[in-house]
file final-v2.cif (mmCIF, C-alpha atoms (C1' of nucleotides))
data_input
#
loop_
_atom_site.label_atom_id
_atom_site.label_comp_id
_atom_site.auth_asym_id
_atom_site.auth_seq_id
_atom_site.Cartn_x
_atom_site.Cartn_y
_atom_site.Cartn_z
CA MET A 131 105.96 95.57 92.06
CA LEU A 132 108.14 98.66 92.09
CA LEU A 133 105.37 100.79 90.59
CA SER A 134 101.73 100.69 91.62
CA LYS A 135 99.11 99.59 89.11
CA SER A 136 97.79 103.13 89.00
CA CYS A 137 101.23 104.35 88.06
CA VAL A 138 101.65 101.74 85.36
CA TYR A 139 98.22 102.58 83.93
CA GLY A 140 99.22 106.21 83.89
CA LEU A 141 102.42 105.42 82.04
CA ARG A 142 100.70 103.28 79.46
CA ALA A 143 98.04 105.93 78.86
CA THR A 144 100.52 108.78 78.50
CA LEU A 145 102.68 106.69 76.15
CA LEU A 146 99.65 106.06 74.00
CA LEU A 147 98.72 109.73 74.09
CA ALA A 148 102.25 110.62 73.04
CA SER A 149 101.98 108.33 70.06
CA TYR A 150 98.94 110.24 68.83
CA GLN A 151 101.08 113.36 68.39
CA ASN A 152 98.18 115.37 66.97
CA GLY A 153 97.86 117.91 69.76
CA GLY A 154 94.11 117.35 70.02
CA TYR A 155 92.07 115.96 72.86
CA THR A 156 91.62 112.22 73.15
CA SER A 157 88.71 110.82 75.14
CA ILE A 158 89.56 108.68 78.14
CA LYS A 159 87.08 106.17 76.74
CA ASP A 160 89.32 105.70 73.73
CA LEU A 161 92.37 105.19 75.93
CA SER A 162 90.64 102.81 78.31
CA ASN A 163 89.29 100.76 75.41
CA LYS A 164 92.61 100.47 73.63
CA LEU A 165 94.56 99.74 76.79
CA ASP A 166 91.88 97.51 78.30
CA ILE A 167 91.78 99.44 81.54
CA SER A 168 88.60 100.23 83.49
CA PHE A 169 87.31 103.57 82.24
CA HIS A 170 86.40 105.01 85.63
CA PHE A 171 89.63 103.88 87.21
CA LEU A 172 91.71 105.32 84.41
CA THR A 173 89.75 108.56 84.68
CA LYS A 174 90.78 108.92 88.30
CA ILE A 175 94.41 108.27 87.47
CA LEU A 176 94.48 110.74 84.62
CA GLN A 177 92.88 113.30 86.92
CA GLN A 178 96.00 113.03 89.05
CA LEU A 179 98.13 113.70 86.01
CA THR A 180 95.95 116.64 85.13
CA ALA A 181 96.29 117.99 88.67
CA ALA A 182 100.06 117.60 88.28
CA GLU A 183 99.76 119.61 85.06
CA LEU A 184 101.24 116.87 82.93
CA LEU A 185 97.90 116.61 81.13
CA GLU A 186 95.25 119.11 80.16
CA SER A 187 91.61 118.11 80.06
CA MET A 188 88.45 119.46 78.56
CA LYS A 189 84.88 118.43 79.26
CA GLY A 190 82.12 117.98 76.74
CA PRO A 191 81.95 116.64 73.21
CA LYS A 192 85.33 116.82 71.48
CA GLY A 193 86.73 116.93 74.98
CA GLY A 194 89.22 114.57 76.53
CA VAL A 195 92.82 114.77 77.64
CA ARG A 196 96.07 115.75 75.96
CA LEU A 197 99.67 116.18 76.97
CA SER A 198 100.23 119.60 78.46
CA GLY A 199 103.44 119.99 76.50
CA GLU A 200 105.69 118.30 73.99
CA SER A 201 106.04 114.55 74.55
CA SER A 202 109.78 115.10 74.38
CA ASP A 203 109.52 117.40 77.40
CA ILE A 204 107.69 114.98 79.69
CA THR A 205 109.80 112.33 81.37
CA LEU A 206 108.72 108.98 82.71
CA ARG A 207 109.97 110.15 86.09
CA GLU A 208 107.46 113.00 86.13
CA VAL A 209 104.59 110.62 85.48
CA VAL A 210 105.79 108.22 88.18
CA ILE A 211 106.19 110.97 90.75
CA ALA A 212 102.77 112.44 89.94
CA ILE A 213 101.12 109.11 90.79
CA ASP A 214 103.34 107.18 93.19
CA GLY A 215 104.97 110.19 94.75
CA PRO A 216 108.64 111.10 95.06
CA ASP A 217 109.38 108.84 98.03
CA ILE A 218 110.19 105.77 95.96
CA PHE A 219 113.37 107.57 94.91
CA THR A 220 114.53 108.14 98.47
CA GLU A 221 113.01 105.26 100.43
CA CYS A 222 115.07 102.64 102.22
CA VAL A 223 114.79 99.21 100.61
CA LEU A 224 114.11 97.79 104.08
CA GLY A 225 111.47 100.46 104.71
CA LEU A 226 113.37 101.87 107.69
CA PRO A 227 112.17 105.45 108.26
CA GLY A 228 115.38 107.07 109.46
CA CYS A 229 117.66 105.32 106.99
CA GLY A 230 120.05 107.65 105.24
CA SER A 231 123.72 108.30 104.71
CA GLU A 232 124.01 109.50 108.30
CA LYS A 233 122.84 106.26 109.89
CA PRO A 234 122.21 103.82 107.06
CA CYS A 235 120.97 100.24 107.03
CA PRO A 236 123.27 97.49 105.76
CA MET A 237 121.63 97.54 102.36
CA HIS A 238 121.59 101.31 102.04
CA ALA A 239 124.67 101.75 99.88
CA MET A 240 123.87 99.06 97.34
CA TRP A 241 120.25 100.05 97.08
CA ALA A 242 120.88 103.79 96.86
CA GLU A 243 122.94 103.09 93.78
CA THR A 244 120.33 101.05 91.92
CA ARG A 245 117.61 103.39 93.10
CA ASP A 246 119.50 106.33 91.61
CA ASP A 247 120.05 104.34 88.43
CA ILE A 248 116.33 103.78 88.13
CA GLU A 249 115.58 107.43 88.75
CA GLN A 250 118.21 108.46 86.23
CA MET A 251 116.79 106.04 83.69
CA LEU A 252 113.26 107.41 84.11
CA GLN A 253 114.56 110.97 84.18
CA THR A 254 116.38 110.68 80.90
CA THR A 255 113.58 108.94 79.05
CA SER A 256 110.77 111.04 77.61
CA LEU A 257 107.33 109.94 76.59
CA GLU A 258 108.43 110.64 73.02
CA ASP A 259 111.43 108.32 73.32
CA MET A 260 109.31 105.44 74.54
CA SER A 261 106.31 105.98 72.31
CA LYS A 262 108.53 106.26 69.23
CA GLU A 263 110.23 102.99 70.09
CA GLY A 264 106.85 101.46 70.71
CA MET A 265 105.50 102.57 67.36
CA GLU A 266 108.56 101.87 65.26
CA GLN A 267 109.14 98.41 66.64
CA ASP A 268 105.47 97.59 67.23
CA LEU A 269 106.04 96.89 70.89
CA ARG A 270 103.55 95.65 73.45
CA ILE A 271 101.52 98.03 75.54
CA THR A 272 98.61 95.71 76.32
CA ALA A 273 98.43 92.29 77.92
CA ASP A 274 97.34 90.52 74.75
CA GLY A 275 99.84 92.35 72.53
CA HIS A 276 97.20 93.03 69.91
CA PHE A 277 97.33 96.72 69.54
CA VAL A 278 97.85 99.40 66.94
CA TRP A 279 99.91 102.42 67.86
CA GLY A 280 99.30 106.02 66.92
CA GLU A 281 95.69 105.87 65.74
CA PRO A 282 93.63 108.28 67.84
CA MET B 167 107.94 99.16 97.45
CA LEU B 168 109.98 96.65 95.56
CA LEU B 169 109.88 94.16 98.42
CA SER B 170 106.83 93.36 100.53
CA LYS B 171 106.89 94.15 104.23
CA SER B 172 106.95 90.41 104.96
CA CYS B 173 110.05 90.09 102.84
CA VAL B 174 111.76 92.99 104.53
CA TYR B 175 110.92 91.58 107.95
CA GLY B 176 112.38 88.27 106.85
CA LEU B 177 115.58 89.92 105.70
CA ARG B 178 115.99 91.91 108.88
CA ALA B 179 115.40 88.84 111.03
CA THR B 180 117.82 86.64 109.10
CA LEU B 181 120.46 89.37 109.18
CA LEU B 182 120.09 89.56 112.92
CA LEU B 183 120.25 85.78 113.20
CA ALA B 184 123.41 85.78 111.11
CA SER B 185 125.00 88.27 113.47
CA TYR B 186 124.48 85.86 116.39
CA GLN B 187 126.81 83.35 114.72
CA ASN B 188 126.54 80.92 117.64
CA GLY B 189 124.78 78.09 115.86
CA GLY B 190 122.15 77.84 118.59
CA TYR B 191 118.45 78.45 118.46
CA THR B 192 117.13 81.95 118.96
CA SER B 193 113.53 82.46 120.01
CA ILE B 194 111.31 84.41 117.65
CA LYS B 195 110.29 86.44 120.68
CA ASP B 196 113.84 87.70 120.97
CA LEU B 197 113.95 88.63 117.30
CA SER B 198 110.57 90.32 117.31
CA ASN B 199 111.47 92.32 120.41
CA LYS B 200 114.79 93.51 119.07
CA LEU B 201 113.45 94.32 115.62
CA ASP B 202 110.19 95.74 116.91
CA ILE B 203 108.08 93.50 114.69
CA SER B 204 104.82 91.85 115.77
CA PHE B 205 105.69 88.46 117.22
CA HIS B 206 102.89 86.49 115.57
CA PHE B 207 103.44 88.12 112.23
CA LEU B 208 107.16 87.47 112.31
CA THR B 209 106.46 83.88 113.31
CA LYS B 210 104.46 83.35 110.13
CA ILE B 211 107.15 84.86 107.99
CA LEU B 212 109.90 82.78 109.54
CA GLN B 213 107.72 79.72 109.00
CA GLN B 214 107.98 80.42 105.30
CA LEU B 215 111.75 80.56 105.59
CA THR B 216 111.70 77.31 107.54
CA ALA B 217 109.53 75.73 104.85
CA ALA B 218 112.07 76.94 102.29
CA GLU B 219 114.77 75.28 104.39
CA LEU B 220 116.67 78.48 104.92
CA LEU B 221 115.93 78.20 108.62
CA GLU B 222 115.57 75.30 111.02
CA SER B 223 113.17 75.49 113.93
CA MET B 224 112.67 73.65 117.18
CA LYS B 225 109.71 73.82 119.54
CA GLY B 226 109.82 73.96 123.27
CA PRO B 227 112.08 75.60 125.83
CA LYS B 228 115.50 76.30 124.36
CA GLY B 229 113.76 76.13 121.02
CA GLY B 230 113.62 78.79 118.36
CA VAL B 231 115.02 79.24 114.90
CA ARG B 232 118.50 79.17 113.45
CA LEU B 233 120.05 79.44 110.01
CA SER B 234 120.02 76.06 108.30
CA GLY B 235 123.57 76.57 107.10
CA GLU B 236 126.48 78.95 107.16
CA SER B 237 125.45 82.60 106.89
CA SER B 238 127.99 82.91 104.09
CA ASP B 239 126.05 80.31 102.11
CA ILE B 240 122.67 82.03 102.27
CA THR B 241 122.13 84.88 99.85
CA LEU B 242 119.71 87.76 100.15
CA ARG B 243 118.19 86.54 96.90
CA GLU B 244 117.23 83.24 98.50
CA VAL B 245 115.43 85.00 101.32
CA VAL B 246 113.61 87.30 98.93
CA ILE B 247 112.50 84.44 96.69
CA ALA B 248 111.34 82.37 99.66
CA ILE B 249 108.95 85.15 100.69
CA ASP B 250 108.06 87.24 97.65
CA GLY B 251 108.53 84.52 95.09
CA PRO B 252 110.77 84.41 92.02
CA ASP B 253 108.49 86.46 89.77
CA ILE B 254 109.88 89.83 90.79
CA PHE B 255 113.02 88.87 88.87
CA THR B 256 111.17 88.22 85.64
CA GLU B 257 108.14 90.51 85.80
CA CYS B 258 107.48 93.32 83.36
CA VAL B 259 107.80 96.74 84.95
CA LEU B 260 104.45 97.65 83.38
CA GLY B 261 102.92 94.41 84.67
CA LEU B 262 102.14 93.16 81.17
CA PRO B 263 101.74 89.38 81.35
CA GLY B 264 103.14 88.36 77.97
CA CYS B 265 106.04 90.80 78.02
CA GLY B 266 109.35 89.20 77.11
CA SER B 267 112.14 89.43 74.59
CA GLU B 268 109.86 87.98 71.93
CA LYS B 269 107.22 90.72 72.15
CA PRO B 270 108.48 93.24 74.69
CA CYS B 271 106.96 96.46 76.02
CA PRO B 272 108.77 99.73 75.37
CA MET B 273 110.34 99.69 78.82
CA HIS B 274 111.38 96.03 78.66
CA ALA B 275 115.00 96.49 77.66
CA MET B 276 115.84 99.19 80.19
CA TRP B 277 114.02 97.47 83.00
CA ALA B 278 115.38 94.00 82.28
CA GLU B 279 118.83 95.40 82.80
CA THR B 280 118.19 97.02 86.18
CA ARG B 281 116.12 94.04 87.24
CA ASP B 282 119.03 91.74 86.48
CA ASP B 283 121.35 94.10 88.32
CA ILE B 284 119.16 93.89 91.38
CA GLU B 285 119.03 90.12 91.19
CA GLN B 286 122.78 89.95 90.72
CA MET B 287 123.30 92.25 93.67
CA LEU B 288 121.11 90.13 95.93
CA GLN B 289 122.62 86.93 94.55
CA THR B 290 126.17 87.94 95.31
CA THR B 291 125.47 89.22 98.80
CA SER B 292 125.28 86.73 101.66
CA LEU B 293 123.72 87.18 105.06
CA GLU B 294 127.25 87.10 106.44
CA ASP B 295 128.34 89.97 104.19
CA MET B 296 125.49 92.17 105.31
CA SER B 297 125.46 91.25 108.98
CA LYS B 298 129.22 91.76 109.24
CA GLU B 299 128.90 95.21 107.74
CA GLY B 300 126.02 95.90 110.04
CA MET B 301 127.95 94.89 113.13
CA GLU B 302 131.27 96.42 112.22
CA GLN B 303 129.82 99.78 111.24
CA ASP B 304 126.95 99.72 113.73
CA LEU B 305 124.38 100.17 110.99
CA ARG B 306 120.64 100.57 111.35
CA ILE B 307 118.31 97.59 111.29
CA THR B 308 115.44 99.14 113.23
CA ALA B 309 113.37 102.26 112.69
CA ASP B 310 114.72 104.06 115.73
CA GLY B 311 118.31 103.04 115.10
CA HIS B 312 118.82 102.08 118.73
CA PHE B 313 119.99 98.54 118.49
CA VAL B 314 122.86 96.34 119.51
CA TRP B 315 124.11 93.77 117.04
CA GLY B 316 125.25 90.26 117.77
CA GLU B 317 123.85 89.75 121.26
CA PRO B 318 121.51 86.77 121.24
"C1'" DA C 48 103.89 62.62 134.57
"C1'" DC C 49 103.45 67.57 134.88
"C1'" DT C 50 104.46 72.22 133.73
"C1'" DA C 51 106.37 75.97 131.27
"C1'" DT C 52 108.02 77.41 126.95
"C1'" DT C 53 108.22 77.58 122.29
"C1'" DT C 54 106.92 76.96 117.20
"C1'" DA C 55 102.81 75.58 113.99
"C1'" DA C 56 98.53 76.46 112.10
"C1'" DG C 57 94.41 78.58 111.21
"C1'" DA C 58 90.74 81.85 111.94
"C1'" DG C 59 89.70 86.44 112.31
"C1'" DT C 60 90.48 91.73 111.90
"C1'" DA C 61 92.32 96.09 109.94
"C1'" DA C 62 94.38 98.82 106.46
"C1'" DT C 63 95.43 99.78 101.87
"C1'" DA C 64 95.10 99.22 96.97
"C1'" DT C 65 92.21 98.37 93.28
"C1'" DG C 66 88.04 98.68 90.88
"C1'" DT C 67 82.82 100.13 90.17
"C1'" DC C 68 78.90 103.05 90.09
"C1'" DT C 69 76.25 107.29 90.40
"C1'" DT C 70 75.65 112.11 90.07
"C1'" DA C 71 77.32 116.74 88.95
"C1'" DA C 72 79.47 120.13 85.95
"C1'" DA C 73 81.13 121.77 81.58
"C1'" DT C 74 80.82 122.25 76.60
"C1'" DA C 75 79.97 121.46 71.56
"C1'" DT C 76 76.30 121.12 68.38
"C1'" DA C 77 71.85 121.58 66.78
"C1'" DT D 110 67.62 126.58 74.77
"C1'" DA D 111 67.89 121.62 74.67
"C1'" DT D 112 70.59 117.52 74.10
"C1'" DA D 113 74.39 114.57 73.89
"C1'" DT D 114 79.03 113.91 75.31
"C1'" DT D 115 82.66 114.18 78.17
"C1'" DT D 116 85.55 114.96 82.54
"C1'" DA D 117 85.15 115.68 87.87
"C1'" DA D 118 84.09 114.03 92.20
"C1'" DG D 119 82.69 111.16 95.62
"C1'" DA D 120 80.48 107.12 97.49
"C1'" DC D 121 80.67 102.37 97.40
"C1'" DA D 122 82.56 97.48 96.69
"C1'" DT D 123 86.16 94.02 96.22
"C1'" DA D 124 90.86 92.22 96.63
"C1'" DT D 125 95.20 92.08 98.63
"C1'" DT D 126 98.35 92.89 102.20
"C1'" DA D 127 99.34 93.46 106.81
"C1'" DC D 128 98.53 92.28 111.34
"C1'" DT D 129 96.17 89.87 115.69
"C1'" DC D 130 94.43 86.25 118.39
"C1'" DT D 131 93.48 81.58 119.75
"C1'" DT D 132 94.43 76.78 119.99
"C1'" DA D 133 97.37 72.78 119.02
"C1'" DA D 134 101.68 70.28 119.11
"C1'" DA D 135 106.38 69.55 120.52
"C1'" DT D 136 110.07 69.55 123.94
"C1'" DA D 137 113.10 70.62 127.99
"C1'" DG D 138 113.28 70.58 132.84
"C1'" DT D 139 111.44 69.24 137.22
#
call {"tool": "encode", "arguments": {"input": "final-v2.cif", "output": "structure tokens"}}
result
Amino acid sequence: MLLSKSCVYGLRATLLLASYQNGGYTSIKDLSNKLDISFHFLTKILQQLTAAELLESMKGPKGGVRLSGESSDITLREVVIAIDGPDIFTECVLGLPGCGSEKPCPMHAMWAETRDDIEQMLQTTSLEDMSKEGMEQDLRITADGHFVWGEP
Amino acid sequence: MLLSKSCVYGLRATLLLASYQNGGYTSIKDLSNKLDISFHFLTKILQQLTAAELLESMKGPKGGVRLSGESSDITLREVVIAIDGPDIFTECVLGLPGCGSEKPCPMHAMWAETRDDIEQMLQTTSLEDMSKEGMEQDLRITADGHFVWGEP
DNA sequence: ACTATTTAAGAGTAATATGTCTTAAATATA
DNA sequence: TATATTTAAGACATATTACTCTTAAATAGT
């Protein structure tokens, strides 16, 4: 997998949050239930996103998490980097540490291109873009596909 | 990482084998030394490639492994599939099991495209292509970059 | 036939990723 | 103030991947 499970969980949760578009706090319990992800595990992941200031959190009743800004201002790339780190956008496909344009591996050129395409794709797509598509076309965000968007 | 370490080791070893272009057997010891990969671990990986009939092996003195056919006839895609399996070319980027054109996830369309690009790229590149480039331009195939191509 | 060399196969170990559980801290509401 | 609810934090457990080690089987050369 290109993205770790943690990263994918983070993306799915933030997409769902974006679809709520009410500005209020949503409990992680709600997210973990709807997405069928372990509550404690998801909590840890969302903590990373909070630390990266993509989310804001509040403890206590009525607490939960919310996007720190407009869903149109948060890109998929930001979420990915917050969880999997920025290296996936620079790493050699053969995992060779010193690989770069100076002394590349045979696959460097071809991979650098697709890698940049992927980064560009994630960079130019906001949580709003994806969550809107998800809602409007009733797309899948769970394994079973049974899911209702935008109902906090 | 898109590809597992095993897969990457397999690619590096087959690229090196392709550069030998002498048709004879090369000992795994030689490959593991040159590529700085654990001998036993590489042995296991190359066994998978032998099982997939991309390599042929012979035991005993003068034994070793060799490409089962012309290096121009073996694609990077074949090596990848032999080790990491074919699923990486069909899997959902969010890891959602039922994701497909019928009931896709929001990222399905964009990812399917890049995924197909990657497959196409690997499909249209042979071991010969890559090893020739590696030799001719003295490209990196080890971490330290100190390496001499094509000397069995 | 004997020996040295090499791959094959499987058991075992280590490291990392994934997932679970418990306790602490904050906060809304009564 | 007391209670219920929620995130924060860290310890713990399991699964997967990566790597090591030992023994067996095959084969070339003497």
call {"tool": "residues_around", "arguments": {"input": "final-v2.cif", "residues": "DA75 of chain C", "least_positions_apart": "5", "cutoff": "8 Å", "atoms": "all atoms listed in the file", "output": "list in words"}}
result
Gly190, Pro191 and Lys192 of chain A
call {"tool": "resolve_selection", "arguments": {"input": "final-v2.cif", "expression": "the PyMOL selection byres ((chain A and resi 197) around 12)", "output": "number ranges by chain"}}
result
A: 143-156, 176, 179-180, 182-188, 194-196, 198-205, 209, 257-258
call {"tool": "calpha_fit_and_write", "arguments": {"input": "final-v2.cif", "fixed": "chain A", "moving": "chain B", "output": "mmCIF file with C-alpha atoms, in the coordinates of the input"}}
result
data_model
loop_
_atom_site.group_PDB
_atom_site.id
_atom_site.type_symbol
_atom_site.label_atom_id
_atom_site.label_comp_id
_atom_site.auth_asym_id
_atom_site.auth_seq_id
_atom_site.Cartn_x
_atom_site.Cartn_y
_atom_site.Cartn_z
ATOM 1 C CA MET B 167 105.958 95.633 92.188
ATOM 2 C CA LEU B 168 108.106 98.702 92.122
ATOM 3 C CA LEU B 169 105.341 100.813 90.610
ATOM 4 C CA SER B 170 101.690 100.716 91.640
ATOM 5 C CA LYS B 171 99.095 99.593 89.126
ATOM 6 C CA SER B 172 97.772 103.165 88.995
ATOM 7 C CA CYS B 173 101.219 104.361 88.049
ATOM 8 C CA VAL B 174 101.618 101.749 85.365
ATOM 9 C CA TYR B 175 98.206 102.594 83.940
ATOM 10 C CA GLY B 176 99.225 106.235 83.886
ATOM 11 C CA LEU B 177 102.424 105.443 82.035
ATOM 12 C CA ARG B 178 100.697 103.283 79.468
ATOM 13 C CA ALA B 179 98.042 105.922 78.844
ATOM 14 C CA THR B 180 100.521 108.776 78.485
ATOM 15 C CA LEU B 181 102.676 106.691 76.153
ATOM 16 C CA LEU B 182 99.656 106.054 74.000
ATOM 17 C CA LEU B 183 98.727 109.731 74.089
ATOM 18 C CA ALA B 184 102.257 110.626 73.045
ATOM 19 C CA SER B 185 101.986 108.319 70.062
ATOM 20 C CA TYR B 186 98.934 110.255 68.820
ATOM 21 C CA GLN B 187 101.093 113.365 68.393
ATOM 22 C CA ASN B 188 98.191 115.375 66.964
ATOM 23 C CA GLY B 189 97.844 117.918 69.738
ATOM 24 C CA GLY B 190 94.102 117.316 69.993
ATOM 25 C CA TYR B 191 92.052 115.933 72.815
ATOM 26 C CA THR B 192 91.615 112.197 73.130
ATOM 27 C CA SER B 193 88.711 110.815 75.125
ATOM 28 C CA ILE B 194 89.552 108.674 78.127
ATOM 29 C CA LYS B 195 87.066 106.179 76.735
ATOM 30 C CA ASP B 196 89.305 105.699 73.730
ATOM 31 C CA LEU B 197 92.354 105.185 75.918
ATOM 32 C CA SER B 198 90.628 102.809 78.296
ATOM 33 C CA ASN B 199 89.266 100.753 75.408
ATOM 34 C CA LYS B 200 92.583 100.453 73.637
ATOM 35 C CA LEU B 201 94.546 99.719 76.793
ATOM 36 C CA ASP B 202 91.866 97.503 78.282
ATOM 37 C CA ILE B 203 91.765 99.441 81.543
ATOM 38 C CA SER B 204 88.582 100.227 83.485
ATOM 39 C CA PHE B 205 87.288 103.563 82.241
ATOM 40 C CA HIS B 206 86.388 105.031 85.628
ATOM 41 C CA PHE B 207 89.608 103.901 87.198
ATOM 42 C CA LEU B 208 91.700 105.333 84.398
ATOM 43 C CA THR B 209 89.737 108.567 84.653
ATOM 44 C CA LYS B 210 90.799 108.964 88.274
ATOM 45 C CA ILE B 211 94.403 108.296 87.462
ATOM 46 C CA LEU B 212 94.475 110.759 84.595
ATOM 47 C CA GLN B 213 92.880 113.310 86.910
ATOM 48 C CA GLN B 214 95.994 113.055 89.028
ATOM 49 C CA LEU B 215 98.128 113.710 85.972
ATOM 50 C CA THR B 216 95.919 116.661 85.088
ATOM 51 C CA ALA B 217 96.279 117.991 88.629
ATOM 52 C CA ALA B 218 100.044 117.623 88.233
ATOM 53 C CA GLU B 219 99.759 119.613 85.006
ATOM 54 C CA LEU B 220 101.218 116.866 82.895
ATOM 55 C CA LEU B 221 97.899 116.608 81.097
ATOM 56 C CA GLU B 222 95.234 119.107 80.120
ATOM 57 C CA SER B 223 91.592 118.110 80.040
ATOM 58 C CA MET B 224 88.425 119.464 78.512
ATOM 59 C CA LYS B 225 84.850 118.421 79.212
ATOM 60 C CA GLY B 226 82.122 117.937 76.708
ATOM 61 C CA PRO B 227 81.930 116.581 73.176
ATOM 62 C CA LYS B 228 85.301 116.791 71.463
ATOM 63 C CA GLY B 229 86.723 116.911 74.953
ATOM 64 C CA GLY B 230 89.225 114.563 76.501
ATOM 65 C CA VAL B 231 92.806 114.775 77.627
ATOM 66 C CA ARG B 232 96.033 115.744 75.935
ATOM 67 C CA LEU B 233 99.652 116.161 76.953
ATOM 68 C CA SER B 234 100.200 119.607 78.428
ATOM 69 C CA GLY B 235 103.407 120.003 76.462
ATOM 70 C CA GLU B 236 105.668 118.319 73.975
ATOM 71 C CA SER B 237 106.025 114.578 74.552
ATOM 72 C CA SER B 238 109.778 115.108 74.404
ATOM 73 C CA ASP B 239 109.521 117.408 77.418
ATOM 74 C CA ILE B 240 107.688 114.988 79.696
ATOM 75 C CA THR B 241 109.804 112.344 81.372
ATOM 76 C CA LEU B 242 108.706 108.992 82.713
ATOM 77 C CA ARG B 243 109.969 110.170 86.086
ATOM 78 C CA GLU B 244 107.453 113.006 86.122
ATOM 79 C CA VAL B 245 104.588 110.624 85.483
ATOM 80 C CA VAL B 246 105.773 108.234 88.165
ATOM 81 C CA ILE B 247 106.169 110.993 90.746
ATOM 82 C CA ALA B 248 102.758 112.454 89.922
ATOM 83 C CA ILE B 249 101.104 109.133 90.779
ATOM 84 C CA ASP B 250 103.310 107.213 93.199
ATOM 85 C CA GLY B 251 104.952 110.211 94.775
ATOM 86 C CA PRO B 252 108.634 111.111 95.072
ATOM 87 C CA ASP B 253 109.375 108.849 98.038
ATOM 88 C CA ILE B 254 110.186 105.777 95.979
ATOM 89 C CA PHE B 255 113.368 107.584 94.940
ATOM 90 C CA THR B 256 114.535 108.134 98.492
ATOM 91 C CA GLU B 257 113.041 105.236 100.446
ATOM 92 C CA CYS B 258 115.088 102.607 102.230
ATOM 93 C CA VAL B 259 114.819 99.198 100.608
ATOM 94 C CA LEU B 260 114.140 97.742 104.063
ATOM 95 C CA GLY B 261 111.521 100.427 104.724
ATOM 96 C CA LEU B 262 113.423 101.820 107.702
ATOM 97 C CA PRO B 263 112.224 105.386 108.279
ATOM 98 C CA GLY B 264 115.427 107.017 109.505
ATOM 99 C CA CYS B 265 117.703 105.273 107.025
ATOM 100 C CA GLY B 266 120.086 107.637 105.272
ATOM 101 C CA SER B 267 123.764 108.272 104.762
ATOM 102 C CA GLU B 268 124.061 109.449 108.354
ATOM 103 C CA LYS B 269 122.859 106.193 109.927
ATOM 104 C CA PRO B 270 122.255 103.767 107.075
ATOM 105 C CA CYS B 271 121.005 100.177 107.035
ATOM 106 C CA PRO B 272 123.318 97.460 105.746
ATOM 107 C CA MET B 273 121.664 97.496 102.336
ATOM 108 C CA HIS B 274 121.636 101.292 102.030
ATOM 109 C CA ALA B 275 124.724 101.732 99.887
ATOM 110 C CA MET B 276 123.907 99.041 97.340
ATOM 111 C CA TRP B 277 120.286 100.036 97.082
ATOM 112 C CA ALA B 278 120.921 103.772 96.876
ATOM 113 C CA GLU B 279 122.955 103.111 93.784
ATOM 114 C CA THR B 280 120.350 101.062 91.920
ATOM 115 C CA ARG B 281 117.628 103.400 93.111
ATOM 116 C CA ASP B 282 119.501 106.342 91.636
ATOM 117 C CA ASP B 283 120.046 104.371 88.449
ATOM 118 C CA ILE B 284 116.333 103.794 88.154
ATOM 119 C CA GLU B 285 115.584 107.445 88.765
ATOM 120 C CA GLN B 286 118.214 108.472 86.247
ATOM 121 C CA MET B 287 116.796 106.058 83.712
ATOM 122 C CA LEU B 288 113.277 107.415 84.131
ATOM 123 C CA GLN B 289 114.563 110.988 84.209
ATOM 124 C CA THR B 290 116.392 110.704 80.927
ATOM 125 C CA THR B 291 113.593 108.961 79.073
ATOM 126 C CA SER B 292 110.773 111.052 77.628
ATOM 127 C CA LEU B 293 107.333 109.937 76.569
ATOM 128 C CA GLU B 294 108.445 110.645 73.015
ATOM 129 C CA ASP B 295 111.440 108.319 73.345
ATOM 130 C CA MET B 296 109.311 105.452 74.553
ATOM 131 C CA SER B 297 106.314 105.973 72.303
ATOM 132 C CA LYS B 298 108.543 106.269 69.236
ATOM 133 C CA GLU B 299 110.227 102.999 70.090
ATOM 134 C CA GLY B 300 106.859 101.474 70.715
ATOM 135 C CA MET B 301 105.489 102.566 67.364
ATOM 136 C CA GLU B 302 108.554 101.893 65.280
ATOM 137 C CA GLN B 303 109.128 98.413 66.663
ATOM 138 C CA ASP B 304 105.461 97.599 67.235
ATOM 139 C CA LEU B 305 106.050 96.877 70.902
ATOM 140 C CA ARG B 306 103.559 95.639 73.460
ATOM 141 C CA ILE B 307 101.526 98.032 75.570
ATOM 142 C CA THR B 308 98.622 95.710 76.331
ATOM 143 C CA ALA B 309 98.429 92.284 77.924
ATOM 144 C CA ASP B 310 97.346 90.527 74.755
ATOM 145 C CA GLY B 311 99.815 92.361 72.549
ATOM 146 C CA HIS B 312 97.173 93.042 69.920
ATOM 147 C CA PHE B 313 97.312 96.757 69.555
ATOM 148 C CA VAL B 314 97.833 99.416 66.951
ATOM 149 C CA TRP B 315 99.920 102.429 67.864
ATOM 150 C CA GLY B 316 99.312 106.012 66.893
ATOM 151 C CA GLU B 317 95.696 105.856 65.753
ATOM 152 C CA PRO B 318 93.626 108.242 67.845
#
call {"tool": "resolve_selection", "arguments": {"input": "final-v2.cif", "expression": "the PyMOL selection byres ((chain D and resi 123-137) around 9)", "output": "PyMOL selection string"}}
result
(chain B and resi 170-172+204+206-207+224-229) or (chain C and resi 52-66) or (chain D and resi 122+138)
call {"tool": "closest_residue", "arguments": {"input": "final-v2.cif", "among": "B:Glu285, B:Glu317, B:Asp310, B:Asp202", "to": "Leu242 of chain B", "atoms": "all atoms listed in the file"}}
result
B:Glu285
call {"tool": "atom_distance", "arguments": {"input": "final-v2.cif", "atom1": "atom CA of Ala248 of chain B", "atom2": "atom CA of Val210 of chain A"}}
result
28.8 Å
call {"tool": "axis_aligned_box", "arguments": {"input": "final-v2.cif", "around": "segment 182-186 of chain A", "padding_each_side": "6 Å", "output": "AutoDock Vina command-line options"}}
result
--center_x 98.2 --center_y 118.1 --center_z 84.2 --size_x 18.0 --size_y 15.0 --size_z 20.1
